[in-house]
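Raw contents of model-v5.cif, mmCIF, C-alpha atoms and all ligand atoms:
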```cif
data_input
loop_
_atom_site.label_atom_id
_atom_site.label_comp_id
_atom_site.auth_asym_id
_atom_site.auth_seq_id
_atom_site.Cartn_x
_atom_site.Cartn_y
_atom_site.Cartn_z
CA MET A 577 0.63 16.81 -24.11
CA SER A 578 -0.16 16.67 -20.40
CA PRO A 579 2.82 16.76 -18.05
CA VAL A 580 4.43 13.59 -16.71
CA TYR A 581 5.08 13.47 -12.96
CA ASN A 582 7.89 11.35 -11.61
CA PHE A 583 7.21 10.18 -8.04
CA ALA A 584 10.52 8.32 -7.65
CA SER A 585 12.08 8.14 -4.20
CA GLY A 586 15.49 9.06 -5.59
CA PRO A 587 17.10 10.16 -7.74
CA ALA A 588 14.06 12.35 -7.56
CA ARG A 589 12.52 15.07 -9.65
CA LEU A 590 14.47 18.35 -9.67
CA PRO A 591 12.75 21.73 -10.04
CA ASP A 592 12.27 22.71 -13.70
CA ALA A 593 13.71 26.16 -12.96
CA VAL A 594 16.90 24.52 -11.65
CA LEU A 595 17.27 22.31 -14.73
CA GLU A 596 16.93 25.35 -16.99
CA ARG A 597 19.56 27.28 -15.06
CA ALA A 598 21.80 24.21 -15.03
CA ARG A 599 21.53 23.98 -18.81
CA ASP A 600 22.57 27.61 -19.20
CA THR A 601 25.36 27.26 -16.62
CA LEU A 602 26.71 24.13 -18.28
CA LEU A 603 27.51 25.92 -21.51
CA LEU A 604 29.24 28.92 -19.90
CA ARG A 605 33.02 28.88 -20.11
CA GLY A 606 34.90 31.21 -17.78
CA ALA A 607 37.90 33.37 -18.69
CA ASP A 608 40.10 30.30 -18.10
CA GLY A 609 38.18 28.35 -20.77
CA ALA A 610 36.63 25.95 -18.23
CA CYS A 611 32.91 25.35 -17.76
CA ALA A 612 31.50 24.11 -14.45
CA LEU A 613 32.16 20.47 -15.40
CA GLU A 614 35.78 21.16 -16.20
CA ARG A 615 37.01 23.46 -13.45
CA PRO A 616 40.12 22.41 -11.55
CA PHE A 617 39.28 22.39 -7.86
CA SER A 618 42.12 24.78 -7.16
CA SER A 619 40.58 27.40 -9.47
CA PRO A 620 38.97 30.55 -8.08
CA ALA A 621 35.77 29.68 -9.97
CA PHE A 622 35.42 26.33 -8.18
CA ARG A 623 36.24 27.88 -4.81
CA ALA A 624 33.54 30.47 -5.44
CA THR A 625 30.96 27.76 -6.22
CA LEU A 626 31.85 25.85 -3.08
CA GLU A 627 31.65 28.97 -0.94
CA ARG A 628 28.35 29.97 -2.53
CA ALA A 629 26.85 26.52 -1.88
CA ARG A 630 28.03 26.61 1.73
CA GLN A 631 26.72 30.09 2.38
CA ARG A 632 23.35 29.50 0.76
CA LEU A 633 22.83 26.28 2.71
CA ALA A 634 23.89 27.96 5.96
CA ALA A 635 21.46 30.81 5.29
CA LEU A 636 18.56 28.45 4.54
CA LEU A 637 19.14 26.46 7.72
CA GLY A 638 20.07 29.41 9.90
CA LEU A 639 23.16 27.37 10.70
CA PRO A 640 24.26 28.03 14.30
CA ALA A 641 27.86 28.95 15.10
CA GLY A 642 30.10 25.96 15.77
CA TYR A 643 28.88 23.82 12.86
CA ARG A 644 30.78 23.08 9.64
CA VAL A 645 29.44 21.97 6.26
CA LEU A 646 31.04 19.45 3.90
CA PHE A 647 30.06 18.51 0.36
CA LEU A 648 31.45 15.00 0.03
CA ALA A 649 31.53 12.56 -2.84
CA GLY A 650 29.44 9.43 -2.45
CA GLY A 651 26.01 8.59 -1.14
CA ALA A 652 24.37 8.40 2.26
CA MET A 653 25.52 4.80 2.56
CA GLN A 654 29.18 5.86 2.60
CA GLN A 655 28.29 7.81 5.73
CA PHE A 656 27.08 4.58 7.35
CA SER A 657 30.82 3.79 7.63
CA MET A 658 32.19 7.33 7.84
CA VAL A 659 30.15 8.18 10.91
CA PRO A 660 31.64 5.41 13.10
CA LEU A 661 35.11 5.83 11.57
CA ASN A 662 35.09 9.54 12.43
CA LEU A 663 33.04 9.69 15.61
CA LEU A 664 33.83 6.58 17.63
CA GLY A 665 37.09 8.06 18.88
CA ARG A 666 38.22 5.95 21.82
CA ALA A 667 34.74 4.60 22.52
CA ARG A 668 33.76 1.11 21.44
CA CYS A 669 30.02 1.51 21.50
CA ALA A 670 27.48 3.47 19.46
CA ALA A 671 23.70 3.62 19.94
CA TYR A 672 21.29 3.20 17.04
CA ALA A 673 17.53 3.41 16.79
CA ASP A 674 16.08 0.86 14.39
CA SER A 675 13.26 2.54 12.53
CA GLY A 676 13.18 0.38 9.40
CA TYR A 677 15.09 -0.46 6.25
CA TRP A 678 17.68 2.36 6.11
CA ALA A 679 18.33 2.35 9.85
CA GLY A 680 18.86 -1.41 9.56
CA ARG A 681 21.46 -0.94 6.86
CA ALA A 682 23.21 1.76 8.91
CA ILE A 683 23.29 -0.61 11.89
CA ARG A 684 24.70 -3.49 9.85
CA GLU A 685 27.48 -1.26 8.54
CA ALA A 686 28.27 0.22 11.98
CA ARG A 687 28.65 -3.29 13.42
CA ARG A 688 31.83 -3.63 11.35
CA TYR A 689 33.44 -0.96 13.52
CA ALA A 690 31.54 -0.72 16.78
CA GLU A 691 29.50 -2.50 19.38
CA VAL A 692 26.04 -1.36 18.40
CA ALA A 693 23.42 -0.90 21.09
CA VAL A 694 19.97 -0.87 19.50
CA VAL A 695 18.16 1.48 21.87
CA ALA A 696 14.74 1.60 20.21
CA ARG A 697 12.86 -0.37 17.59
CA TYR A 698 9.98 0.42 15.35
CA GLN A 699 6.74 -1.39 15.77
CA GLY A 700 6.41 -3.96 13.01
CA ALA A 701 2.64 -4.41 13.41
CA THR A 702 0.19 -2.13 11.61
CA PRO A 703 -0.44 0.66 12.03
CA LEU A 704 3.30 1.11 11.66
CA ALA A 705 5.03 3.68 13.83
CA ALA A 706 8.44 5.16 14.53
CA PRO A 707 10.30 3.79 17.56
CA PRO A 708 8.88 5.11 20.84
CA LEU A 709 10.79 8.23 21.85
CA ALA A 710 11.07 7.92 25.62
CA ASN A 711 13.65 6.19 27.82
CA TRP A 712 16.27 5.10 25.36
CA PRO A 713 18.80 2.99 27.28
CA LEU A 714 21.91 4.81 26.06
CA PRO A 715 25.07 3.10 27.28
CA ASP A 716 27.33 5.40 29.34
CA ASP A 717 30.25 4.97 27.01
CA CYS A 718 28.48 5.33 23.67
CA ALA A 719 30.06 7.72 21.19
CA TYR A 720 26.83 8.93 19.57
CA CYS A 721 23.22 7.98 18.94
CA HIS A 722 22.09 7.51 15.33
CA ILE A 723 18.56 7.97 14.04
CA THR A 724 16.86 7.95 10.64
CA PRO A 725 14.21 10.67 11.05
CA ASN A 726 12.41 9.71 7.83
CA GLU A 727 12.38 6.10 6.68
CA THR A 728 12.10 6.40 2.92
CA GLY A 729 10.97 2.83 2.28
CA GLU A 730 8.49 2.34 5.12
CA GLY A 731 7.16 5.90 4.82
CA ILE A 732 7.60 6.46 8.55
CA ALA A 733 8.69 9.77 10.09
CA TYR A 734 9.50 10.43 13.73
CA PRO A 735 6.92 12.79 15.26
CA ALA A 736 9.70 14.45 17.33
CA LEU A 737 13.37 14.04 18.17
CA PRO A 738 14.57 11.89 21.06
CA ASP A 739 16.35 13.52 23.98
CA THR A 740 19.78 11.93 24.06
CA GLY A 741 21.21 14.26 26.71
CA ALA A 742 24.96 14.65 26.36
CA VAL A 743 25.21 11.91 23.75
CA PRO A 744 25.54 13.56 20.30
CA LEU A 745 22.55 12.88 18.09
CA VAL A 746 23.47 11.82 14.53
CA ALA A 747 20.85 11.76 11.79
CA ASP A 748 20.59 10.22 8.35
CA ALA A 749 18.34 12.98 7.07
CA THR A 750 18.60 11.95 3.42
CA SER A 751 14.89 11.89 2.64
CA CYS A 752 13.74 14.81 4.82
CA PHE A 753 16.61 17.30 4.54
CA LEU A 754 15.39 20.75 3.42
CA ALA A 755 11.76 19.59 3.39
CA GLY A 756 11.19 22.07 6.21
CA PRO A 757 13.00 24.02 8.94
CA LEU A 758 15.56 22.02 10.92
CA ASP A 759 16.93 22.85 14.36
CA VAL A 760 20.55 21.97 13.66
CA SER A 761 21.52 22.72 17.27
CA ARG A 762 19.80 19.49 18.33
CA PHE A 763 22.35 17.41 16.41
CA GLY A 764 26.00 16.50 16.60
CA LEU A 765 26.01 15.50 12.95
CA ILE A 766 23.50 15.45 10.09
CA TYR A 767 24.08 13.87 6.73
CA ALA A 768 21.96 13.68 3.61
CA GLY A 769 22.54 12.08 0.23
CA ALA A 770 21.77 14.65 -2.44
CA GLN A 771 19.45 12.80 -4.78
CA LYS A 772 16.27 13.38 -2.80
CA ASN A 773 16.07 17.10 -2.04
CA ILE A 774 19.50 18.57 -2.77
CA GLY A 775 20.55 17.73 -6.30
CA PRO A 776 22.02 14.90 -8.35
CA ALA A 777 23.32 11.60 -6.97
CA GLY A 778 26.99 11.38 -6.09
CA LEU A 779 27.04 14.15 -3.50
CA THR A 780 26.35 13.98 0.23
CA VAL A 781 26.04 16.95 2.55
CA VAL A 782 27.50 16.53 6.03
CA ILE A 783 26.94 19.07 8.81
CA VAL A 784 29.10 18.44 11.83
CA ARG A 785 29.52 20.13 15.20
CA GLU A 786 33.08 21.32 15.59
CA ASP A 787 33.84 19.64 18.91
CA LEU A 788 33.24 16.20 17.34
CA LEU A 789 36.09 16.84 14.91
CA GLU A 790 38.56 16.49 17.78
CA ARG A 791 37.89 12.77 18.04
CA GLU A 792 40.61 10.48 16.81
CA ALA A 793 39.73 9.06 13.38
CA ARG A 794 42.71 6.82 12.70
CA TYR A 795 41.04 4.51 10.22
CA ALA A 796 39.02 7.02 8.22
CA PRO A 797 40.29 7.11 4.61
CA ALA A 798 41.64 10.59 3.86
CA PRO A 799 38.82 11.66 1.49
CA TYR A 800 36.31 10.58 4.13
CA CYS A 801 38.01 12.07 7.15
CA TYR A 802 35.82 15.00 8.17
CA ARG A 803 38.63 16.79 9.96
CA GLN A 804 41.04 16.48 7.05
CA GLN A 805 38.42 17.53 4.50
CA LEU A 806 37.65 20.64 6.55
CA ALA A 807 41.33 21.42 7.02
CA GLU A 808 41.86 21.16 3.25
CA ASN A 809 38.75 23.14 2.25
CA ASN A 810 36.74 20.14 1.04
CA THR A 811 39.40 19.28 -1.57
CA VAL A 812 41.37 16.34 -0.18
CA ASN A 813 40.45 14.70 -3.47
CA THR A 814 38.56 15.97 -6.49
CA PRO A 815 35.15 17.12 -5.29
CA VAL A 816 31.98 16.53 -7.32
CA GLY A 817 32.00 20.09 -8.66
CA TRP A 818 29.04 19.88 -11.00
CA ALA A 819 26.86 18.29 -8.32
CA ILE A 820 27.84 21.09 -5.91
CA GLU A 821 26.99 23.65 -8.61
CA LEU A 822 23.53 22.07 -8.98
CA ALA A 823 23.04 21.95 -5.23
CA ALA A 824 23.74 25.69 -5.08
CA LEU A 825 21.08 26.22 -7.76
CA VAL A 826 18.60 24.16 -5.72
CA PHE A 827 19.42 26.21 -2.59
CA ASP A 828 18.76 29.39 -4.60
CA TRP A 829 15.46 27.98 -5.81
CA ILE A 830 14.38 27.14 -2.24
CA ALA A 831 15.32 30.62 -1.04
CA GLU A 832 13.45 32.26 -3.94
CA SER A 833 10.43 30.06 -3.22
CA GLY A 834 10.19 31.36 0.34
CA GLY A 835 12.75 29.24 2.20
CA LEU A 836 12.28 26.16 4.35
CA ALA A 837 9.07 27.34 6.04
CA ALA A 838 7.44 27.66 2.61
CA MET A 839 8.75 24.20 1.66
CA ALA A 840 7.21 22.74 4.84
CA LEU A 841 3.86 24.39 4.16
CA ALA A 842 3.71 23.22 0.53
CA ASN A 843 4.89 19.72 1.50
CA ARG A 844 2.25 19.47 4.23
CA ARG A 845 -0.48 20.47 1.79
CA LYS A 846 0.63 17.88 -0.76
CA ALA A 847 0.86 15.10 1.79
CA GLU A 848 -2.46 15.94 3.45
CA ARG A 849 -4.20 15.88 0.09
CA LEU A 850 -2.87 12.42 -0.76
CA TYR A 851 -3.36 10.84 2.69
CA HIS A 852 -6.88 12.27 2.78
CA ALA A 853 -7.65 10.66 -0.59
CA ILE A 854 -6.37 7.32 0.73
CA ASP A 855 -8.26 7.57 4.04
CA THR A 856 -11.56 8.51 2.37
CA SER A 857 -11.41 5.81 -0.32
CA GLY A 858 -13.66 3.48 1.66
CA GLY A 859 -10.78 1.07 2.22
CA PHE A 860 -9.97 0.72 -1.49
CA TYR A 861 -6.58 2.32 -0.76
CA GLN A 862 -4.89 1.86 2.59
CA ALA A 863 -2.07 3.70 4.37
CA PRO A 864 -0.33 1.31 6.78
CA VAL A 865 1.44 3.98 8.85
CA ALA A 866 -0.17 5.46 11.97
CA HIS A 867 -1.35 9.07 12.01
CA GLY A 868 1.37 11.28 13.46
CA HIS A 869 4.07 8.95 12.06
CA ARG A 870 3.26 9.29 8.38
CA SER A 871 6.06 10.64 6.27
CA PRO A 872 5.18 13.78 4.31
CA SER A 873 8.04 12.99 1.91
CA ASN A 874 7.28 9.35 1.11
CA VAL A 875 3.60 8.48 1.13
CA ARG A 876 3.23 4.74 1.39
CA PHE A 877 -0.05 3.06 0.49
CA GLN A 878 -1.48 -0.12 -0.92
CA LEU A 879 -4.57 -1.48 -2.58
CA ALA A 880 -6.87 -3.58 -0.40
CA ASP A 881 -6.95 -6.02 -3.31
CA GLU A 882 -3.26 -6.64 -3.99
CA ARG A 883 -4.05 -8.12 -7.41
CA LEU A 884 -4.80 -4.59 -8.54
CA THR A 885 -1.28 -3.32 -7.80
CA GLU A 886 0.18 -4.13 -11.23
CA PRO A 887 -2.81 -2.77 -13.20
CA PHE A 888 -2.67 0.36 -11.02
CA LEU A 889 1.01 0.89 -11.80
CA GLN A 890 0.55 0.27 -15.52
CA GLN A 891 -2.42 2.57 -15.87
CA ALA A 892 -0.82 5.27 -13.72
CA GLU A 893 2.22 5.21 -15.94
CA ALA A 894 0.05 5.49 -19.04
CA ALA A 895 -1.58 8.52 -17.38
CA GLY A 896 1.83 10.18 -16.85
CA LEU A 897 2.26 9.24 -13.17
CA THR A 898 5.49 7.29 -12.95
CA HIS A 899 7.64 5.42 -10.43
CA LEU A 900 4.89 4.75 -7.89
CA ARG A 901 6.06 1.24 -7.02
CA GLY A 902 6.84 0.76 -3.32
CA HIS A 903 10.34 0.09 -2.01
CA CYS A 904 11.53 -3.34 -3.14
CA HIS A 905 11.76 -4.65 0.45
CA VAL A 906 8.41 -3.20 1.44
CA GLY A 907 6.09 -3.65 -1.55
CA GLY A 908 2.85 -1.85 -2.34
CA LEU A 909 2.86 1.71 -3.60
CA ARG A 910 4.75 4.85 -2.70
CA ALA A 911 4.53 8.43 -3.88
CA SER A 912 7.58 10.52 -3.02
CA LEU A 913 6.62 14.16 -2.62
CA TYR A 914 9.89 16.02 -2.24
CA ASN A 915 10.23 19.79 -2.64
CA ALA A 916 10.27 19.70 -6.44
CA MET A 917 6.95 17.83 -6.77
CA PRO A 918 4.35 20.49 -7.56
CA GLN A 919 0.87 20.43 -6.06
CA ALA A 920 -0.42 19.79 -9.59
CA GLY A 921 1.37 16.42 -9.59
CA VAL A 922 -0.39 15.36 -6.40
CA ASP A 923 -3.72 16.64 -7.72
CA ALA A 924 -3.24 14.57 -10.88
CA LEU A 925 -2.40 11.48 -8.80
CA VAL A 926 -5.45 11.94 -6.55
CA ALA A 927 -7.71 12.35 -9.60
CA PHE A 928 -6.24 9.21 -11.18
CA MET A 929 -6.73 7.22 -7.96
CA ALA A 930 -10.40 8.21 -7.74
CA ASP A 931 -10.90 7.31 -11.38
CA PHE A 932 -9.11 3.97 -10.99
CA SER A 933 -11.21 2.95 -8.00
CA ARG A 934 -14.42 3.97 -9.80
CA ARG A 935 -13.49 1.83 -12.77
CA GLN A 936 -12.92 -1.17 -10.51
CA GLY A 937 -16.46 -0.49 -9.27
C1 LIG A 1001 18.16 6.99 -0.25
C2 LIG A 1001 18.59 6.80 1.14
C3 LIG A 1001 19.84 6.25 1.47
C4 LIG A 1001 20.81 5.73 0.43
O1 LIG A 1001 21.49 6.72 -0.19
P1 LIG A 1001 22.67 6.40 -1.23
O2 LIG A 1001 22.97 7.76 -1.72
O3 LIG A 1001 22.10 5.50 -2.28
O4 LIG A 1001 23.78 5.79 -0.50
C5 LIG A 1001 20.18 6.19 2.81
N1 LIG A 1001 19.35 6.61 3.77
C6 LIG A 1001 18.13 7.13 3.49
C7 LIG A 1001 17.25 7.58 4.60
C8 LIG A 1001 17.72 7.23 2.16
O5 LIG A 1001 16.52 7.75 1.89
#
```
Final structure tokens representation of the file:
Amino acid sequence: MSPVYNFASGPARLPDAVLERARDTLLLRGADGACALERPFSSPAFRATLERARQRLAALLGLPAGYRVLFLAGGAMQQFSMVPLNLLGRARCAAYADSGYWAGRAIREARRYAEVAVVARYQGATPLAAPPLANWPLPDDCAYCHITPNETGEGIAYPALPDTGAVPLVADATSCFLAGPLDVSRFGLIYAGAQKNIGPAGLTVVIVREDLLEREARYAPAPYCYRQQLAENNTVNTPVGWAIELAALVFDWIAESGGLAAMALANRRKAERLYHAIDTSGGFYQAPVAHGHRSPSNVRFQLADERLTEPFLQQAEAAGLTHLRGHCHVGGLRASLYNAMPQAGVDALVAFMADFSRRQG
């Protein structure tokens, strides 16, 4: 049987090697009789897992001094509230760049707590592009500036980071985290839901610069108060131990595969192959995002003849290429090419696309 490739945007494919190790790990009981799913969070075995996950992630990123890592329960959307609740301090205002669907949701949530200044907007006309990077009108008293470097639904990625001066830059990096090297020192805070490139859903990684922890966070619920979680070693409440265990296995797999530079190289190759196939299809397939702004993680495309979208999806699925439907608010098609998608999956998709267009004649 030929392999089936899952192009879902998240929860996304995990590396086969990680799943095999997870299976073996799952069945191992320690001297205390507890396997990784059962460990009390006060146990030395859980503490060791947490420390291992932290250290491996720090090593992958080359984490600079002065940053702390949290493995919190919940998804990226919880952070849409946790960021203002923890970082507003005495300020009333926060700046947000509106780059598409996920940025929009982050903005709507932040408006419950803060005056939101939208300092840049994406261009809605095709070819689509990230918000322009220059001259963001950051209010003097804004607590931070939030960006979404990779818009998972629109398939738009910023070509570079904005310069926000002294205003801490906060990023929802959910769909680009660990896809390549990341200069953490450019950020005040980075968060990423796990189910794209880190591990299973239910876990979110937060990396925060220590000086931001001094801000007053009166209304942050205890499990979501960064400062309190760090003071209590990530165990204010029961952490998602098994998800952290899996994340550590994914970090190992990335390190063994050559680290983040190797991820970036492989991801670039995959994305270039697919975008090239779209661009050279004589207009049969179209990519609506401008060159230089195209996401390597989430390749968005459509058929010139929209009536072919459903047959394309059905036949792709029959050929073992699944979950290619575009984001529900965006439509069209989308292939998510996170770290665990092998080149062979992209090659199979490109071959199917050529075959499909030939058959439509
Ligand atoms: C998937 C995604 C989210 C939502 O994550 P949840 O874990 O479902 O809350 C938020 N932001 C971005 C950029 C995403 O890709």
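Checking A:Asn582, A:Asn874, A:Gln654, A:Thr702 one by one against Ala768 of chain A, counting all atoms listed in the file, you find the shortest gap at A:Gln654.
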**OP:** Step by step, measure atom-to-atom distances between ligand LIG 1001 (chain A) and each residue using all atoms listed in the file, keep those at most 7 Å, then write them as a ChimeraX atom specification.
**Re:** /A:586,650-654,678,724,726-728,748-751,769,771,777-778
**OP:** Grab the atom CA of Ala706 of chain A to atom CA of Leu900 of chain A distance for me, in Å with one decimal place.
**Re:** 22.7 Å
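The two atoms in question, atom CA of Arg876 of chain A and atom CA of Ser578 of chain A, are spaced 25.1 Å apart.
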Original post:
Contacts of Ala924 of chain A at 10 Å or less, counting all atoms listed in the file, minus same-chain residues fewer than 5 places along, as a list in words?
Top reply: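 Those residues are Pro579, Val580, Tyr581, Ala895, Gly896, Leu897, Gln919 and Met929 of chain A.
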Listing only residues of segment 739-849 of chain A within 12 Å of segment 709-719 of chain A, what is the closest atom pair and its distance in Å (to one decimal) for each, using only C-alpha atoms, sorted by chain and residue number ascending, as JSON lines?
```
{"residue": "A:Asp739", "atom": "CA", "partner": "A:Ala710", "partner_atom": "CA", "distance": 7.9}
{"residue": "A:Thr740", "atom": "CA", "partner": "A:Leu714", "partner_atom": "CA", "distance": 7.7}
{"residue": "A:Gly741", "atom": "CA", "partner": "A:Leu714", "partner_atom": "CA", "distance": 9.5}
{"residue": "A:Ala742", "atom": "CA", "partner": "A:Asp716", "partner_atom": "CA", "distance": 10.0}
{"residue": "A:Val743", "atom": "CA", "partner": "A:Ala719", "partner_atom": "CA", "distance": 6.9}
{"residue": "A:Pro744", "atom": "CA", "partner": "A:Ala719", "partner_atom": "CA", "distance": 7.4}
{"residue": "A:Leu745", "atom": "CA", "partner": "A:Ala719", "partner_atom": "CA", "distance": 9.6}
{"residue": "A:Val746", "atom": "CA", "partner": "A:Ala719", "partner_atom": "CA", "distance": 10.2}
{"residue": "A:Gly764", "atom": "CA", "partner": "A:Ala719", "partner_atom": "CA", "distance": 10.7}
{"residue": "A:Leu788", "atom": "CA", "partner": "A:Ala719", "partner_atom": "CA", "distance": 9.8}
{"residue": "A:Arg791", "atom": "CA", "partner": "A:Ala719", "partner_atom": "CA", "distance": 9.8}
{"residue": "A:Glu792", "atom": "CA", "partner": "A:Ala719", "partner_atom": "CA", "distance": 11.8}
```
Output C-alpha atoms of each residue in that selection to a file, as a compact mmCIF listing (two decimals), keeping the file's coordinate frame.
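Output below, filename out23.txt:
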```
# COMPACT_ATOMS: atom_id res chain seq x y z
CA ASP A 739 16.35 13.52 23.98
CA THR A 740 19.78 11.93 24.06
CA GLY A 741 21.21 14.26 26.71
CA ALA A 742 24.96 14.65 26.36
CA VAL A 743 25.21 11.91 23.75
CA PRO A 744 25.54 13.56 20.30
CA LEU A 745 22.55 12.88 18.09
CA VAL A 746 23.47 11.82 14.53
CA GLY A 764 26.00 16.50 16.60
CA LEU A 788 33.24 16.20 17.34
CA ARG A 791 37.89 12.77 18.04
CA GLU A 792 40.61 10.48 16.81
```
Original post:
Which is closer to Gly817 of chain A than all the others in A:Arg597, A:Arg615, A:Arg870, A:Arg844, using all atoms listed in the file?
Top reply: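 Of A:Arg597, A:Arg615, A:Arg870, A:Arg844, the one nearest Gly817 of chain A is A:Arg615, counting all atoms listed in the file.
Interatomic distance, atom CA of Leu590 of chain A against atom CA of Ala894 of chain A: 21.5 Å.
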Original post:
Skipping near chain neighbours, those fewer than 5 positions away, what residues fall within 10 Å of Val594 of chain A using all atoms listed in the file, listed as a PyMOL selection string?
Top reply: chain A and resi 599-600+775+822-829+916
Taking only residues of segment 670-761 of chain A that have an atom at most 12 Å from an atom of segment 622-641 of chain A, what is each one's shortest atom pair and its distance in Å to one decimal, using all atoms listed in the file, in chain and number order, as a tab-separated table?
```
residue	atom	partner	partner_atom	distance
A:Phe753	CA	A:Leu637	CA	10.0
A:Leu754	CA	A:Leu637	CA	8.1
A:Ala755	CA	A:Leu637	CA	11.0
A:Gly756	CA	A:Leu637	CA	9.2
A:Pro757	CA	A:Leu637	CA	6.7
A:Leu758	CA	A:Leu637	CA	6.5
A:Asp759	CA	A:Leu637	CA	7.9
A:Val760	CA	A:Leu639	CA	6.7
A:Ser761	CA	A:Pro640	CA	6.7
```
What lies within 12 Å of Gln891 of chain A using only C-alpha atoms, ignoring chain neighbours under 2 positions off, as a compact mmCIF listing (two decimals) with C-alpha atoms, in the frame of the given file?
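The new file selection-v2.txt reads:
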```txt
# COMPACT_ATOMS: atom_id res chain seq x y z
CA LEU A 884 -4.80 -4.59 -8.54
CA THR A 885 -1.28 -3.32 -7.80
CA GLU A 886 0.18 -4.13 -11.23
CA PRO A 887 -2.81 -2.77 -13.20
CA PHE A 888 -2.67 0.36 -11.02
CA LEU A 889 1.01 0.89 -11.80
CA GLU A 893 2.22 5.21 -15.94
CA ALA A 894 0.05 5.49 -19.04
CA ALA A 895 -1.58 8.52 -17.38
CA GLY A 896 1.83 10.18 -16.85
CA LEU A 897 2.26 9.24 -13.17
CA THR A 898 5.49 7.29 -12.95
CA HIS A 899 7.64 5.42 -10.43
CA LEU A 900 4.89 4.75 -7.89
CA LEU A 925 -2.40 11.48 -8.80
CA PHE A 928 -6.24 9.21 -11.18
CA MET A 929 -6.73 7.22 -7.96
CA ASP A 931 -10.90 7.31 -11.38
CA PHE A 932 -9.11 3.97 -10.99
CA SER A 933 -11.21 2.95 -8.00
CA ARG A 935 -13.49 1.83 -12.77
```
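Distance cut-off 10 Å, centre (-2.3, 13.8, 1.6), atoms counted all atoms listed in the file; the residues meeting this are Asn843, Arg844, Arg845, Lys846, Ala847, Glu848, Arg849, Leu850, Tyr851, His852, Ala853, Ile854, Asp855, Arg870, Pro872, Val875, Leu913, Val922, Asp923 and Val926 of chain A.
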Subject >> Which of A:Phe877, A:Ala682, A:Ala911, A:Trp818 sits closest to Glu614 of chain A [using only C-alpha atoms] >> reply: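 Comparing A:Phe877, A:Ala682, A:Ala911, A:Trp818 against Glu614 of chain A, the winner is A:Trp818.
Nearest to Leu806 of chain A of all the residues A:Ala693, A:Val659, A:Val782, A:Ala705 is A:Val782, counting all atoms listed in the file.
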Original post:
Closest to Ala770 of chain A among A:Pro918, A:Ile820, A:Thr856, A:Arg697, using all atoms listed in the file?
Top reply: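 So, comparing all the options, the nearest one is A:Ile820.
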Original post:
Taking all atoms listed in the file into account, which of A:Gly937, A:Pro725, A:Gly834, A:Gly609 comes nearest Ala747 of chain A?
Top reply: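 Closest candidate: A:Pro725.
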